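Just work17.tsv here, TSV, C-alpha atoms:
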chain	number	residue	atom	x	y	z
A	1	MET	CA	-3.01	26.57	-8.24
A	2	SER	CA	0.75	26.06	-8.11
A	3	SER	CA	2.45	23.75	-10.52
A	4	ILE	CA	4.15	20.66	-9.20
A	5	SER	CA	7.82	19.97	-9.80
A	6	PHE	CA	9.32	16.53	-9.35
A	7	HIS	CA	12.93	17.06	-8.34
A	8	PRO	CA	15.84	14.89	-9.50
A	9	ARG	CA	17.03	12.30	-6.97
A	10	GLN	CA	20.56	13.37	-6.08
A	11	SER	CA	21.46	11.80	-2.73
A	12	LEU	CA	20.07	9.45	-0.11
A	13	GLU	CA	20.05	12.29	2.41
A	14	GLN	CA	18.06	14.52	0.07
A	15	VAL	CA	15.54	11.77	-0.70
A	16	GLU	CA	15.10	10.57	2.90
A	17	GLU	CA	15.60	13.68	5.01
A	18	GLY	CA	14.82	16.51	2.62
A	19	CYS	CA	11.72	18.51	1.79
A	20	MET	CA	11.87	18.21	-1.99
A	21	LEU	CA	9.37	15.98	-3.75
A	22	ALA	CA	11.51	13.51	-5.73
A	23	PRO	CA	9.30	10.46	-6.38
A	24	LYS	CA	10.76	7.29	-7.85
A	25	PHE	CA	8.58	5.69	-10.48
A	26	GLY	CA	9.19	2.03	-11.32
A	27	VAL	CA	10.37	0.70	-14.67
A	28	ASP	CA	6.69	0.73	-15.67
A	29	GLY	CA	6.50	4.45	-14.81
A	30	LEU	CA	4.25	3.81	-11.81
A	31	VAL	CA	4.36	4.31	-8.07
A	32	PRO	CA	2.07	2.40	-5.66
A	33	CYS	CA	-0.48	4.40	-3.65
A	34	VAL	CA	-2.13	3.24	-0.42
A	35	THR	CA	-5.50	4.91	0.08
A	36	THR	CA	-7.15	4.93	3.52
A	37	ASP	CA	-10.47	6.30	4.75
A	38	ALA	CA	-9.63	9.42	6.76
A	39	THR	CA	-12.45	8.69	9.21
A	40	SER	CA	-12.51	4.90	9.65
A	41	HIS	CA	-8.75	4.53	8.98
A	42	GLU	CA	-9.55	1.45	6.89
A	43	VAL	CA	-7.28	0.68	3.94
A	44	LEU	CA	-9.61	1.12	0.98
A	45	MET	CA	-7.36	0.18	-1.92
A	46	LEU	CA	-3.88	-0.08	-3.26
A	47	GLY	CA	-3.69	1.80	-6.54
A	48	TRP	CA	-1.00	2.89	-8.95
A	49	MET	CA	-0.07	6.35	-10.19
A	50	ASN	CA	1.96	7.54	-13.13
A	51	ALA	CA	3.53	11.01	-12.96
A	52	GLU	CA	0.42	12.65	-14.41
A	53	ALA	CA	-1.92	10.92	-11.94
A	54	LEU	CA	0.23	12.00	-9.00
A	55	ARG	CA	0.45	15.56	-10.29
A	56	ARG	CA	-3.30	15.83	-10.86
A	57	THR	CA	-4.05	14.30	-7.46
A	58	LEU	CA	-1.88	16.89	-5.73
A	59	GLU	CA	-3.15	19.81	-7.79
A	60	THR	CA	-6.87	19.00	-7.67
A	61	GLY	CA	-7.16	17.30	-4.26
A	62	GLU	CA	-9.03	14.41	-5.90
A	63	ALA	CA	-7.42	11.01	-6.24
A	64	HIS	CA	-6.30	10.03	-9.73
A	65	TYR	CA	-4.78	6.67	-10.56
A	66	PHE	CA	-3.33	4.81	-13.52
A	67	SER	CA	-5.20	1.70	-14.59
A	68	ARG	CA	-2.76	-1.06	-15.42
A	69	SER	CA	-5.47	-3.14	-17.11
A	70	ARG	CA	-6.74	-0.28	-19.27
A	71	GLN	CA	-3.40	1.58	-19.47
A	72	VAL	CA	-4.99	4.97	-18.90
A	73	MET	CA	-5.02	7.56	-16.15
A	74	TRP	CA	-8.39	7.83	-14.43
A	75	ARG	CA	-10.07	10.08	-11.91
A	76	LYS	CA	-11.49	7.85	-9.17
A	77	GLY	CA	-15.27	8.27	-9.16
A	78	ALA	CA	-15.58	9.46	-12.77
A	79	THR	CA	-17.92	6.53	-13.48
A	80	SER	CA	-19.18	5.57	-10.01
A	81	GLY	CA	-19.46	9.05	-8.50
A	82	LEU	CA	-17.42	7.79	-5.55
A	83	VAL	CA	-14.86	10.60	-5.76
A	84	GLN	CA	-12.02	10.46	-3.24
A	85	ASN	CA	-11.30	13.87	-1.71
A	86	VAL	CA	-7.75	14.01	-0.40
A	87	VAL	CA	-7.49	15.02	3.26
A	88	GLU	CA	-3.75	14.42	3.38
A	89	ALA	CA	-1.09	13.08	1.01
A	90	ARG	CA	2.14	11.57	2.27
A	91	ILE	CA	5.27	10.06	0.74
A	92	ASP	CA	7.54	7.44	2.24
A	93	ASP	CA	11.21	7.44	3.20
A	94	ASP	CA	12.69	6.53	-0.18
A	95	GLN	CA	9.87	8.33	-2.03
A	96	ASP	CA	8.65	5.33	-3.98
A	97	ALA	CA	5.20	4.99	-2.34
A	98	ILE	CA	2.30	7.38	-1.71
A	99	TRP	CA	-0.29	7.35	1.09
A	100	LEU	CA	-3.57	9.20	0.59
A	101	ARG	CA	-6.07	9.80	3.42
A	102	VAL	CA	-9.40	10.46	1.72
A	103	GLU	CA	-13.04	11.24	2.34
A	104	ILE	CA	-15.64	9.69	0.04
A	105	GLY	CA	-19.16	10.96	-0.49
A	106	GLY	CA	-22.28	8.83	-0.82
A	107	ALA	CA	-22.01	5.20	0.13
A	108	GLY	CA	-18.36	5.70	0.99
A	109	ALA	CA	-17.26	2.68	-0.98
A	110	SER	CA	-14.16	2.27	-3.10
A	111	CYS	CA	-14.12	-1.24	-4.46
A	112	HIS	CA	-15.31	-2.10	-7.96
A	113	VAL	CA	-16.75	-5.39	-6.65
A	114	GLY	CA	-19.18	-3.35	-4.50
A	115	TYR	CA	-17.56	-3.54	-1.09
A	116	ARG	CA	-16.48	-0.58	1.04
A	117	SER	CA	-12.83	-1.60	0.96
A	118	CYS	CA	-11.06	-3.70	-1.64
A	119	PHE	CA	-9.64	-5.65	1.31
A	120	TYR	CA	-12.88	-7.41	2.24
A	121	ARG	CA	-11.33	-10.81	2.93
A	122	ALA	CA	-9.07	-11.87	5.79
A	123	ILE	CA	-6.40	-14.54	5.37
A	124	PRO	CA	-6.21	-16.96	8.31
A	125	THR	CA	-2.80	-17.13	9.98
A	126	VAL	CA	-0.68	-19.28	12.33
A	127	GLU	CA	-2.78	-22.20	13.62
A	128	ASN	CA	-5.51	-21.38	11.09
A	129	ALA	CA	-3.10	-20.86	8.18
A	130	GLY	CA	-4.38	-22.63	5.09
A	131	ASP	CA	-8.05	-22.24	6.04
A	132	PRO	CA	-10.40	-20.51	3.56
A	133	LEU	CA	-10.48	-16.71	3.31
A	134	MET	CA	-13.03	-15.04	5.57
A	135	PHE	CA	-15.26	-12.19	4.39
A	136	THR	CA	-15.05	-9.14	6.66
A	137	GLU	CA	-18.00	-7.26	5.16
A	138	SER	CA	-21.38	-8.96	5.41
A	139	ALA	CA	-22.90	-7.27	2.36
A	140	LYS	CA	-21.91	-5.14	-0.59
A	141	THR	CA	-22.32	-1.39	-0.19
A	142	PHE	CA	-23.51	-0.89	-3.76
A	143	ASP	CA	-24.53	-2.95	-6.77
A	144	PRO	CA	-21.57	-2.91	-9.15
A	145	VAL	CA	-23.75	-3.73	-12.16
A	146	ALA	CA	-25.99	-0.74	-11.46
A	147	VAL	CA	-23.00	1.55	-10.92
A	148	TYR	CA	-20.57	0.36	-13.58
A	149	GLY	CA	-22.99	-1.22	-16.09
A	150	ASP	CA	-21.12	-3.20	-18.69
A	151	ALA	CA	-17.77	-1.49	-18.19
A	152	PRO	CA	-15.02	-4.11	-18.44
A	153	ASN	CA	-13.88	-5.66	-15.16
A	154	PRO	CA	-10.44	-4.27	-14.27
A	155	THR	CA	-9.36	-7.52	-12.63
A	156	LEU	CA	-6.91	-9.57	-14.67
A	157	LEU	CA	-6.28	-13.26	-14.12
B	158	MET	CA	0.94	-25.33	11.83
B	159	SER	CA	-0.94	-25.87	8.58
B	160	SER	CA	0.79	-25.53	5.25
B	161	ILE	CA	-0.34	-22.81	2.89
B	162	SER	CA	-1.53	-23.54	-0.62
B	163	PHE	CA	-1.70	-20.85	-3.28
B	164	HIS	CA	-4.49	-21.84	-5.63
B	165	PRO	CA	-4.42	-21.34	-9.42
B	166	ARG	CA	-6.37	-18.32	-10.69
B	167	GLN	CA	-9.18	-19.78	-12.76
B	168	SER	CA	-11.94	-17.18	-13.05
B	169	LEU	CA	-12.73	-13.59	-12.06
B	170	GLU	CA	-15.55	-14.83	-9.86
B	171	GLN	CA	-13.26	-17.24	-8.03
B	172	VAL	CA	-10.59	-14.57	-7.51
B	173	GLU	CA	-12.97	-11.77	-6.43
B	174	GLU	CA	-15.81	-13.58	-4.69
B	175	GLY	CA	-14.25	-16.84	-3.58
B	176	CYS	CA	-12.55	-18.06	-0.43
B	177	MET	CA	-9.45	-19.59	-2.02
B	178	LEU	CA	-6.14	-17.82	-1.62
B	179	ALA	CA	-4.91	-17.23	-5.19
B	180	PRO	CA	-2.44	-14.35	-5.02
B	181	LYS	CA	-1.09	-12.76	-8.17
B	182	PHE	CA	2.61	-12.01	-8.06
B	183	GLY	CA	4.01	-9.49	-10.55
B	184	VAL	CA	6.52	-10.23	-13.28
B	185	ASP	CA	9.18	-9.69	-10.63
B	186	GLY	CA	7.56	-12.36	-8.45
B	187	LEU	CA	6.43	-9.82	-5.86
B	188	VAL	CA	3.17	-8.56	-4.41
B	189	PRO	CA	2.90	-5.20	-2.57
B	190	CYS	CA	1.99	-5.26	1.12
B	191	VAL	CA	0.52	-2.33	3.08
B	192	THR	CA	1.35	-2.58	6.78
B	193	THR	CA	-0.61	-0.56	9.33
B	194	ASP	CA	-0.31	-0.22	13.09
B	195	ALA	CA	-3.25	-2.16	14.55
B	196	THR	CA	-3.61	0.35	17.38
B	197	SER	CA	-2.91	3.77	15.84
B	198	HIS	CA	-4.14	2.74	12.36
B	199	GLU	CA	-1.18	4.59	10.87
B	200	VAL	CA	0.28	3.25	7.64
B	201	LEU	CA	3.76	2.17	8.70
B	202	MET	CA	5.26	1.01	5.42
B	203	LEU	CA	4.64	-0.36	1.97
B	204	GLY	CA	6.70	-3.52	1.53
B	205	TRP	CA	7.01	-6.28	-1.02
B	206	MET	CA	6.59	-10.03	-0.61
B	207	ASN	CA	7.62	-12.95	-2.74
B	208	ALA	CA	5.72	-16.23	-2.37
B	209	GLU	CA	8.01	-17.41	0.42
B	210	ALA	CA	7.68	-14.16	2.40
B	211	LEU	CA	3.89	-14.32	2.17
B	212	ARG	CA	3.83	-17.99	3.18
B	213	ARG	CA	6.13	-17.43	6.17
B	214	THR	CA	4.17	-14.37	7.27
B	215	LEU	CA	0.93	-16.35	7.29
B	216	GLU	CA	2.46	-19.41	8.94
B	217	THR	CA	4.45	-17.63	11.65
B	218	GLY	CA	2.30	-14.56	12.30
B	219	GLU	CA	5.39	-12.37	11.93
B	220	ALA	CA	5.81	-10.10	8.92
B	221	HIS	CA	8.35	-11.19	6.33
B	222	TYR	CA	9.19	-9.15	3.25
B	223	PHE	CA	11.39	-9.35	0.19
B	224	SER	CA	14.08	-6.70	-0.10
B	225	ARG	CA	14.29	-5.42	-3.66
B	226	SER	CA	17.60	-3.69	-3.00
B	227	ARG	CA	19.22	-6.75	-1.40
B	228	GLN	CA	17.18	-9.35	-3.34
B	229	VAL	CA	16.57	-11.51	-0.27
B	230	MET	CA	13.61	-12.41	1.90
B	231	TRP	CA	13.85	-10.90	5.39
B	232	ARG	CA	12.03	-11.17	8.66
B	233	LYS	CA	11.15	-7.66	9.77
B	234	GLY	CA	12.93	-6.95	13.04
B	235	ALA	CA	15.70	-9.51	12.56
B	236	THR	CA	18.28	-6.72	12.88
B	237	SER	CA	16.36	-3.97	14.67
B	238	GLY	CA	14.31	-6.12	17.03
B	239	LEU	CA	11.21	-4.28	15.83
B	240	VAL	CA	9.30	-7.46	14.96
B	241	GLN	CA	5.83	-6.98	13.48
B	242	ASN	CA	3.27	-9.36	14.99
B	243	VAL	CA	0.36	-9.85	12.62
B	244	VAL	CA	-3.05	-9.10	14.16
B	245	GLU	CA	-4.87	-9.57	10.88
B	246	ALA	CA	-3.90	-10.27	7.26
B	247	ARG	CA	-6.15	-9.31	4.36
B	248	ILE	CA	-6.08	-9.61	0.58
B	249	ASP	CA	-7.72	-7.34	-1.96
B	250	ASP	CA	-10.37	-7.93	-4.61
B	251	ASP	CA	-8.10	-9.13	-7.41
B	252	GLN	CA	-5.68	-10.71	-4.93
B	253	ASP	CA	-2.62	-8.73	-6.00
B	254	ALA	CA	-2.13	-6.73	-2.77
B	255	ILE	CA	-1.83	-7.64	0.92
B	256	TRP	CA	-2.78	-5.61	4.00
B	257	LEU	CA	-1.23	-6.50	7.36
B	258	ARG	CA	-2.43	-5.01	10.64
B	259	VAL	CA	0.46	-5.41	13.08
B	260	GLU	CA	1.59	-4.78	16.63
B	261	ILE	CA	5.21	-3.82	17.23
B	262	GLY	CA	7.08	-4.16	20.48
B	263	GLY	CA	9.52	-1.66	21.95
B	264	ALA	CA	9.61	1.78	20.39
B	265	GLY	CA	6.92	0.74	17.95
B	266	ALA	CA	8.82	2.06	14.98
B	267	SER	CA	9.09	0.59	11.51
B	268	CYS	CA	11.16	2.92	9.40
B	269	HIS	CA	14.87	2.36	8.74
B	270	VAL	CA	15.42	6.14	8.87
B	271	GLY	CA	14.33	6.08	12.52
B	272	TYR	CA	10.78	7.36	12.32
B	273	ARG	CA	7.68	5.54	13.55
B	274	SER	CA	6.16	5.35	10.08
B	275	CYS	CA	7.97	5.44	6.75
B	276	PHE	CA	5.38	8.05	5.72
B	277	TYR	CA	6.77	10.85	7.90
B	278	ARG	CA	6.37	13.61	5.30
B	279	ALA	CA	3.17	15.19	3.98
B	280	ILE	CA	2.91	16.50	0.42
B	281	PRO	CA	1.09	19.86	0.19
B	282	THR	CA	-1.96	19.82	-2.10
B	283	VAL	CA	-4.34	22.13	-3.99
B	284	GLU	CA	-3.52	25.77	-3.18
B	285	ASN	CA	-0.31	24.66	-1.47
B	286	ALA	CA	0.70	22.21	-4.19
B	287	GLY	CA	4.36	22.63	-5.05
B	288	ASP	CA	5.33	23.77	-1.55
B	289	PRO	CA	8.07	21.82	0.30
B	290	LEU	CA	7.26	18.52	2.01
B	291	MET	CA	6.24	18.87	5.66
B	292	PHE	CA	7.56	16.55	8.39
B	293	THR	CA	4.74	14.96	10.41
B	294	GLU	CA	6.95	13.51	13.15
B	295	SER	CA	8.93	15.99	15.20
B	296	ALA	CA	11.71	13.57	16.14
B	297	LYS	CA	13.04	10.16	15.31
B	298	THR	CA	11.88	7.29	17.51
B	299	PHE	CA	15.24	5.57	17.45
B	300	ASP	CA	18.79	6.21	16.27
B	301	PRO	CA	19.22	4.26	13.04
B	302	VAL	CA	23.01	4.17	13.39
B	303	ALA	CA	22.74	2.59	16.83
B	304	VAL	CA	20.16	0.07	15.63
B	305	TYR	CA	21.43	-0.81	12.18
B	306	GLY	CA	25.12	0.03	12.55
B	307	ASP	CA	26.87	-0.03	9.21
B	308	ALA	CA	24.27	-2.17	7.42
B	309	PRO	CA	23.81	-0.84	3.89
B	310	ASN	CA	20.98	1.66	3.41
B	311	PRO	CA	18.13	-0.07	1.55
B	312	THR	CA	17.13	3.14	-0.24
B	313	LEU	CA	18.13	3.23	-3.91
B	314	LEU	CA	18.40	6.44	-5.92
So that I can check it, write out the structure of this file as C-alpha cells.
Amino acid sequence: MSSISFHPRQSLEQVEEGCMLAPKFGVDGLVPCVTTDATSHEVLMLGWMNAEALRRTLETGEAHYFSRSRQVMWRKGATSGLVQNVVEARIDDDQDAIWLRVEIGGAGASCHVGYRSCFYRAIPTVENAGDPLMFTESAKTFDPVAVYGDAPNPTLL
Amino acid sequence: MSSISFHPRQSLEQVEEGCMLAPKFGVDGLVPCVTTDATSHEVLMLGWMNAEALRRTLETGEAHYFSRSRQVMWRKGATSGLVQNVVEARIDDDQDAIWLRVEIGGAGASCHVGYRSCFYRAIPTVENAGDPLMFTESAKTFDPVAVYGDAPNPTLL
C-alpha cells in the first residue's frame, strides 16, 4: 500500500489541469463527498471527509467519512455492515469536492433512515413548486432500529 | 407559478419522514447541491445554493447556484449558454443537501475548465494509491477562453 501525499496548492493551472492531488479542505477541515451507486448510478449520499477520512478511503478502497454531528471519522458500514467498496474515486476541477462510485453488499442501502438512497424525496418544481415532497422509494430497505439499535440519530435540527 | 415556503425544522421525524420542505442551510447560509446528467447519470458538479438560489431553481426549473468566490447568486449558463434544465430535484434525509438531475443543451458541458463534468480526474486507490491523478476525458468539450472570455476564474487557491 502506497502512502498518500496531499500536495500544496500552488497555482490555478496546477490545481485544475495537473495530476497532483491537492485537495482543499474548508475552514472546518472538511471536503464534501458525493457517493453514487456504481451500478444504478443513483446518488446515495452526500458525506463529508476530513484529511484522514480521505486518506483512509483511498488507501483501503472502503469509504470513510467524518461525522459532523459526532465529530469523529467513521468507516461507513462499521455498525450497519453496509460497507461501501470504492469502484472509482474522482476529484473536481478546483479539488474541493470528491465523487466516489461504490458497490454495497447486502441490501445495498446507504441511508440511516432505512432507505436505499438518502435522497428518497423529490421536490416538486415549476408549476408544482410549493407542493409537498414526494417519496421516491415505496418502502424502506432495512429496519433502522434493528440495524442501528439505540445509536444516536445523526440528524441535527 | 406557486411560491415556495421553507418550513421551520421542528422534529427529526418531520425532517426525515415528512413531506414539508425544511432545508438546513449552513452557517454560511448555503446548502450543497449535487448535479447529475439525467441521461448519462454522470456527476457534473457539486455546487452551492443559498435560499434564493434554491427557490429560483425550484420555481423556474433552471439551476441557480451561489458563487462562493464571487459571493453572488448566478443562473448556470447565463454566460456560457449551458443552461441546466431540471428534470428532477431531490432532498436528502436531514434536508441539508440537494440533488438535481438535469439536461443541458448544446455541448452538454458543465465545467468552467471546459470539460463535460467537473470530475474529470480519477484518484488512484488501494495498490495504486499515491499515483498521479488520471484524466477521464480525453479532450475538452469547449474552449473556456472562447466561452468565458476574460471572466475571472472561480477557482480559489
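For the choices B:Leu211, B:Leu313, B:Ile280, B:Leu169, the atom-to-atom distance to B:Leu187 is smallest for B:Leu211 when using all atoms listed in the file.
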Among listed residues A:Val147, A:Val34, A:Val43, A:Leu157, nearest B:Arg166 (using only C-alpha atoms):
A:Leu157
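Rounded to one decimal, atom CA of B:Thr217 and atom CA of A:Asp96 lie 28.1 Å from each other.
Here the selection is built from only C-alpha atoms, and the residues within 12 Å of (20.4, 5.7, 13.7) turn out to be Ser237, Cys268, His269, Val270, Gly271, Tyr272, Ala296, Lys297, Thr298, Phe299, Asp300, Pro301, Val302, Ala303, Val304, Tyr305, Gly306, Asp307, Ala308 and Asn310 of chain B.
Between atom CA of A:Arg75 and atom CA of A:Leu46 there is a distance of 14.7 Å.
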With distances taken over all atoms listed in the file, the candidate from A:Pro154, A:Gly105, A:Gly29, A:Gly61 nearest chain B is A:Gly61
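As for atom CA of A:Asp94 and atom CA of A:Glu16, they are spaced 5.6 Å apart.
Of the listed residues A:Asn50, A:Gln10, A:Asn85, A:Ser110, the one whose atoms come nearest to chain B is A:Gln10, with distances taken using only C-alpha atoms.
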Near-B:Pro281 list (10 Å; only C-alpha atoms; drop same-chain fewer than 5 positions) as a PyMOL selection string
(chain A and resi 4+21+58-59+61+88-90) or (chain B and resi 286-291)
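Closest to B:Thr312 among B:Asp194, B:Arg273, B:Arg225, B:Gln252 is B:Arg225, based on only C-alpha atoms.
Closest approach to chain B among A:Ser40, A:Thr79, A:Ser67, A:Ser138 is made by A:Ser40 (distances from all atoms listed in the file).
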What's the 9 Å shell around B:His198, counting all atoms listed in the file, without same-chain residues fewer than 5 positions away, as a PyMOL selection string?
(chain A and resi 41-42) or (chain B and resi 193+258)
